[in-house]
Amino acid sequence: MIKIDEPFTCLKCKMPVKKHPDGSCRNHCPYCLFSMHVDLETPGDRLSECKGLMRPVRIELNKKKGVRIFHECVQCGHTIFNRSASDDNWNLICELSRVPSDELD
């Protein structure tokens with residue numbers, strides 16, 4: 001993993017996003033929870049040529065990693081889990097927790 005934690009402007013909601021509040025790597029917008037498909041093989045490698053928006057589709061509760069957000073690229077279909085951050089929009093996370101798994105297929 002390559003640690004990259006820098007501010008950015010969200011391509012989906014256009015909100016300015018600050019660095020991760022807990023000093024980790026920021027990989028999605030805390031307001032709309034969208035991400036961008038920038039990594040290819042390793043978090044932080046920034047080698048993906050796709051650059052598509054990644055929409056949050058559901059969450060997973062993990063005993064060791066906490067709440068993880070499952071993202072899917074709207075351009076190429078690539079999927080990945082990202083850890084939630086303390087400043088994420090928890091109303092949206094709660095909404096994602098109610099998505100039936102059969103709606104994701």
# chains A, B, ... in the order shown; residues from 1 in each chain; ligands from 1
call {"tool": "select_by_dssp", "arguments": {"residues": "chain A", "states": "helix (DSSP H, G or I)", "output": "PyMOL selection string"}}
result
chain A and resi 90-97+101-103
call {"tool": "residues_around", "arguments": {"residues": "range 42-44 of chain A", "least_positions_apart": "6", "cutoff": "12 Å", "atoms": "only C-alpha atoms", "output": "number ranges by chain"}}
result
A: 1-6, 24-27, 36, 80-83
call {"tool": "closest_residue", "arguments": {"among": "A:Ser86, A:Phe34, A:Asn91, A:Gly23", "to": "Leu11 in chain A", "atoms": "only C-alpha atoms"}}
result
A:Phe34
call {"tool": "closest_atom_pairs", "arguments": {"of": "range 12-64 of chain A", "to": "range 68-78 of chain A", "cutoff": "8 Å", "atoms": "only C-alpha atoms", "output": "tab-separated table"}}
result
residue	atom	partner	partner_atom	distance
A:Phe34	CA	A:His71	CA	7.7
A:Ser35	CA	A:His71	CA	7.4
A:Met36	CA	A:Cys73	CA	7.7
A:His37	CA	A:Cys73	CA	6.5
A:Cys50	CA	A:Cys76	CA	7.3
A:Gly52	CA	A:Gln75	CA	5.3
A:Leu53	CA	A:Cys73	CA	5.7
A:Met54	CA	A:Cys73	CA	4.0
A:Arg55	CA	A:His71	CA	5.3
A:Pro56	CA	A:His71	CA	4.5
A:Val57	CA	A:Phe70	CA	5.8
A:Arg58	CA	A:Phe70	CA	5.3
A:Ile59	CA	A:Ile69	CA	4.5
A:Glu60	CA	A:Arg68	CA	5.2
A:Leu61	CA	A:Arg68	CA	6.3
A:Asn62	CA	A:Arg68	CA	7.1
call {"tool": "write_last_selection", "arguments": {"atoms": "C-alpha atoms", "output": "mmCIF file, in the first residue's frame"}}
result
data_model
loop_
_atom_site.group_PDB
_atom_site.id
_atom_site.type_symbol
_atom_site.label_atom_id
_atom_site.label_comp_id
_atom_site.auth_asym_id
_atom_site.auth_seq_id
_atom_site.Cartn_x
_atom_site.Cartn_y
_atom_site.Cartn_z
ATOM 1 C CA PHE A 34 -18.316 8.123 -4.248
ATOM 2 C CA SER A 35 -14.730 7.256 -5.129
ATOM 3 C CA MET A 36 -12.661 7.310 -8.313
ATOM 4 C CA HIS A 37 -11.084 4.310 -10.037
ATOM 5 C CA CYS A 50 -10.009 3.913 -16.208
ATOM 6 C CA GLY A 52 -14.258 6.212 -13.748
ATOM 7 C CA LEU A 53 -16.488 7.151 -10.827
ATOM 8 C CA MET A 54 -16.986 4.375 -8.300
ATOM 9 C CA ARG A 55 -20.409 4.342 -6.726
ATOM 10 C CA PRO A 56 -21.058 3.045 -3.209
ATOM 11 C CA VAL A 57 -23.349 0.031 -3.489
ATOM 12 C CA ARG A 58 -23.395 -1.600 -0.041
ATOM 13 C CA ILE A 59 -21.537 -1.911 3.229
ATOM 14 C CA GLU A 60 -19.969 -4.760 5.124
ATOM 15 C CA LEU A 61 -19.293 -4.985 8.834
ATOM 16 C CA ASN A 62 -15.879 -6.522 9.456
#
call {"tool": "atom_distance", "arguments": {"atom1": "CA of Lys64 in chain A", "atom2": "CA of Cys94 in chain A"}}
result
19.5 Å
call {"tool": "select_by_dssp", "arguments": {"residues": "chain A", "states": "strand (DSSP E or B)", "output": "list in words"}}
result
Phe8, Thr9, Pro16, Val17, Ser35, Met36, Leu53, Met54, Arg55, Pro56, Val57, Arg58, Ile59, Glu60, Leu61, Asn62, Gly66, Val67, Arg68, Ile69, Phe70, His71, Glu72, Cys73, Thr79, Ile80, Phe81, Asn82 and Arg83 of chain A
call {"tool": "write_last_selection", "arguments": {"atoms": "C-alpha atoms", "output": "JSON list (two decimals), in the first residue's frame"}}
result
[["chain", "number", "residue", "atom", "x", "y", "z"],
["A", 8, "PHE", "CA", -9.33, 16.81, -3.51],
["A", 9, "THR", "CA", -12.60, 18.00, -5.02],
["A", 16, "PRO", "CA", -13.99, 20.02, -1.32],
["A", 17, "VAL", "CA", -12.64, 17.02, 0.59],
["A", 35, "SER", "CA", -14.73, 7.26, -5.13],
["A", 36, "MET", "CA", -12.66, 7.31, -8.31],
["A", 53, "LEU", "CA", -16.49, 7.15, -10.83],
["A", 54, "MET", "CA", -16.99, 4.38, -8.30],
["A", 55, "ARG", "CA", -20.41, 4.34, -6.73],
["A", 56, "PRO", "CA", -21.06, 3.05, -3.21],
["A", 57, "VAL", "CA", -23.35, 0.03, -3.49],
["A", 58, "ARG", "CA", -23.40, -1.60, -0.04],
["A", 59, "ILE", "CA", -21.54, -1.91, 3.23],
["A", 60, "GLU", "CA", -19.97, -4.76, 5.12],
["A", 61, "LEU", "CA", -19.29, -4.99, 8.83],
["A", 62, "ASN", "CA", -15.88, -6.52, 9.46],
["A", 66, "GLY", "CA", -14.92, -1.99, 10.90],
["A", 67, "VAL", "CA", -17.46, -0.67, 8.40],
["A", 68, "ARG", "CA", -16.31, -1.13, 4.81],
["A", 69, "ILE", "CA", -17.96, 0.45, 1.79],
["A", 70, "PHE", "CA", -18.23, -1.68, -1.35],
["A", 71, "HIS", "CA", -17.59, 0.47, -4.44],
["A", 72, "GLU", "CA", -18.29, -0.41, -8.08],
["A", 73, "CYS", "CA", -16.86, 1.48, -11.04],
["A", 79, "THR", "CA", -15.18, -3.50, -7.48],
["A", 80, "ILE", "CA", -13.33, -2.82, -4.23],
["A", 81, "PHE", "CA", -13.94, -2.38, -0.51],
["A", 82, "ASN", "CA", -12.83, 0.84, 1.24],
["A", 83, "ARG", "CA", -12.84, 1.43, 4.98]]
call {"tool": "atom_distance", "arguments": {"atom1": "CA of Lys51 in chain A", "atom2": "CA of His20 in chain A"}}
result
20.9 Å
call {"tool": "closest_residue", "arguments": {"among": "A:Asp45, A:Pro7, A:Leu33, A:Leu40", "to": "Pro21 in chain A", "atoms": "only C-alpha atoms"}}
result
A:Pro7
call {"tool": "atom_distance", "arguments": {"atom1": "CA of Lys14 in chain A", "atom2": "CA of Asp88 in chain A"}}
result
15.5 Å
call {"tool": "residues_around", "arguments": {"residues": "Met15 in chain A", "least_positions_apart": "5", "cutoff": "10 Å", "atoms": "only C-alpha atoms", "output": "count of residues only"}}
result
7
call {"tool": "decode", "arguments": {"residues": "range 29-51 of chain A", "atoms": "N, CA and C atoms", "output": "PDB file, in the first residue's frame"}}
result
ATOM      1  N   CYS A  29     -15.198  10.240  -1.094  1.00  0.00           N
ATOM      2  CA  CYS A  29     -15.789  11.486  -0.605  1.00  0.00           C
ATOM      3  C   CYS A  29     -16.626  11.202   0.645  1.00  0.00           C
ATOM      4  N   PRO A  30     -16.424  11.942   1.726  1.00  0.00           N
ATOM      5  CA  PRO A  30     -17.209  11.710   2.932  1.00  0.00           C
ATOM      6  C   PRO A  30     -18.651  12.202   2.817  1.00  0.00           C
ATOM      7  N   TYR A  31     -18.960  13.014   1.801  1.00  0.00           N
ATOM      8  CA  TYR A  31     -20.302  13.580   1.645  1.00  0.00           C
ATOM      9  C   TYR A  31     -21.225  12.667   0.850  1.00  0.00           C
ATOM     10  N   CYS A  32     -20.768  12.207  -0.322  1.00  0.00           N
ATOM     11  CA  CYS A  32     -21.606  11.365  -1.178  1.00  0.00           C
ATOM     12  C   CYS A  32     -21.130   9.910  -1.217  1.00  0.00           C
ATOM     13  N   LEU A  33     -19.958   9.632  -0.660  1.00  0.00           N
ATOM     14  CA  LEU A  33     -19.330   8.310  -0.563  1.00  0.00           C
ATOM     15  C   LEU A  33     -18.809   7.771  -1.889  1.00  0.00           C
ATOM     16  N   PHE A  34     -18.868   8.569  -2.969  1.00  0.00           N
ATOM     17  CA  PHE A  34     -18.316   8.123  -4.248  1.00  0.00           C
ATOM     18  C   PHE A  34     -16.790   8.157  -4.194  1.00  0.00           C
ATOM     19  N   SER A  35     -16.178   7.340  -5.024  1.00  0.00           N
ATOM     20  CA  SER A  35     -14.730   7.256  -5.129  1.00  0.00           C
ATOM     21  C   SER A  35     -14.371   7.406  -6.608  1.00  0.00           C
ATOM     22  N   MET A  36     -13.105   7.257  -6.925  1.00  0.00           N
ATOM     23  CA  MET A  36     -12.661   7.310  -8.313  1.00  0.00           C
ATOM     24  C   MET A  36     -11.733   6.134  -8.570  1.00  0.00           C
ATOM     25  N   HIS A  37     -11.884   5.479  -9.694  1.00  0.00           N
ATOM     26  CA  HIS A  37     -11.084   4.310 -10.037  1.00  0.00           C
ATOM     27  C   HIS A  37      -9.702   4.762 -10.505  1.00  0.00           C
ATOM     28  N   VAL A  38      -8.805   4.932  -9.549  1.00  0.00           N
ATOM     29  CA  VAL A  38      -7.453   5.405  -9.865  1.00  0.00           C
ATOM     30  C   VAL A  38      -6.376   4.353  -9.611  1.00  0.00           C
ATOM     31  N   ASP A  39      -6.655   3.374  -8.743  1.00  0.00           N
ATOM     32  CA  ASP A  39      -5.648   2.364  -8.415  1.00  0.00           C
ATOM     33  C   ASP A  39      -5.892   1.086  -9.209  1.00  0.00           C
ATOM     34  N   LEU A  40      -4.799   0.449  -9.606  1.00  0.00           N
ATOM     35  CA  LEU A  40      -4.886  -0.758 -10.422  1.00  0.00           C
ATOM     36  C   LEU A  40      -4.759  -2.021  -9.580  1.00  0.00           C
ATOM     37  N   GLU A  41      -3.604  -2.205  -8.928  1.00  0.00           N
ATOM     38  CA  GLU A  41      -3.361  -3.431  -8.173  1.00  0.00           C
ATOM     39  C   GLU A  41      -3.189  -3.195  -6.681  1.00  0.00           C
ATOM     40  N   THR A  42      -2.617  -2.078  -6.309  1.00  0.00           N
ATOM     41  CA  THR A  42      -2.302  -1.796  -4.912  1.00  0.00           C
ATOM     42  C   THR A  42      -2.912  -0.458  -4.516  1.00  0.00           C
ATOM     43  N   PRO A  43      -3.528  -0.370  -3.332  1.00  0.00           N
ATOM     44  CA  PRO A  43      -4.036   0.932  -2.899  1.00  0.00           C
ATOM     45  C   PRO A  43      -2.945   1.998  -2.943  1.00  0.00           C
ATOM     46  N   GLY A  44      -3.222   3.079  -3.654  1.00  0.00           N
ATOM     47  CA  GLY A  44      -2.260   4.172  -3.763  1.00  0.00           C
ATOM     48  C   GLY A  44      -1.356   4.114  -4.976  1.00  0.00           C
ATOM     49  N   ASP A  45      -1.438   3.039  -5.796  1.00  0.00           N
ATOM     50  CA  ASP A  45      -0.503   2.949  -6.931  1.00  0.00           C
ATOM     51  C   ASP A  45      -0.856   3.922  -8.071  1.00  0.00           C
ATOM     52  N   ARG A  46      -2.110   4.371  -8.147  1.00  0.00           N
ATOM     53  CA  ARG A  46      -2.573   5.357  -9.135  1.00  0.00           C
ATOM     54  C   ARG A  46      -2.256   4.942 -10.577  1.00  0.00           C
ATOM     55  N   LEU A  47      -2.307   3.627 -10.856  1.00  0.00           N
ATOM     56  CA  LEU A  47      -1.945   3.114 -12.175  1.00  0.00           C
ATOM     57  C   LEU A  47      -3.144   2.766 -13.064  1.00  0.00           C
ATOM     58  N   SER A  48      -4.361   2.902 -12.569  1.00  0.00           N
ATOM     59  CA  SER A  48      -5.524   2.575 -13.386  1.00  0.00           C
ATOM     60  C   SER A  48      -5.711   3.639 -14.465  1.00  0.00           C
ATOM     61  N   GLU A  49      -5.956   3.188 -15.677  1.00  0.00           N
ATOM     62  CA  GLU A  49      -6.235   4.107 -16.779  1.00  0.00           C
ATOM     63  C   GLU A  49      -7.718   4.455 -16.848  1.00  0.00           C
ATOM     64  N   CYS A  50      -8.561   3.741 -16.128  1.00  0.00           N
ATOM     65  CA  CYS A  50     -10.009   3.913 -16.208  1.00  0.00           C
ATOM     66  C   CYS A  50     -10.463   5.301 -15.737  1.00  0.00           C
ATOM     67  N   LYS A  51     -10.139   5.653 -14.511  1.00  0.00           N
ATOM     68  CA  LYS A  51     -10.504   6.950 -13.905  1.00  0.00           C
ATOM     69  C   LYS A  51     -12.011   7.177 -13.808  1.00  0.00           C
TER      70      LYS A  51
END
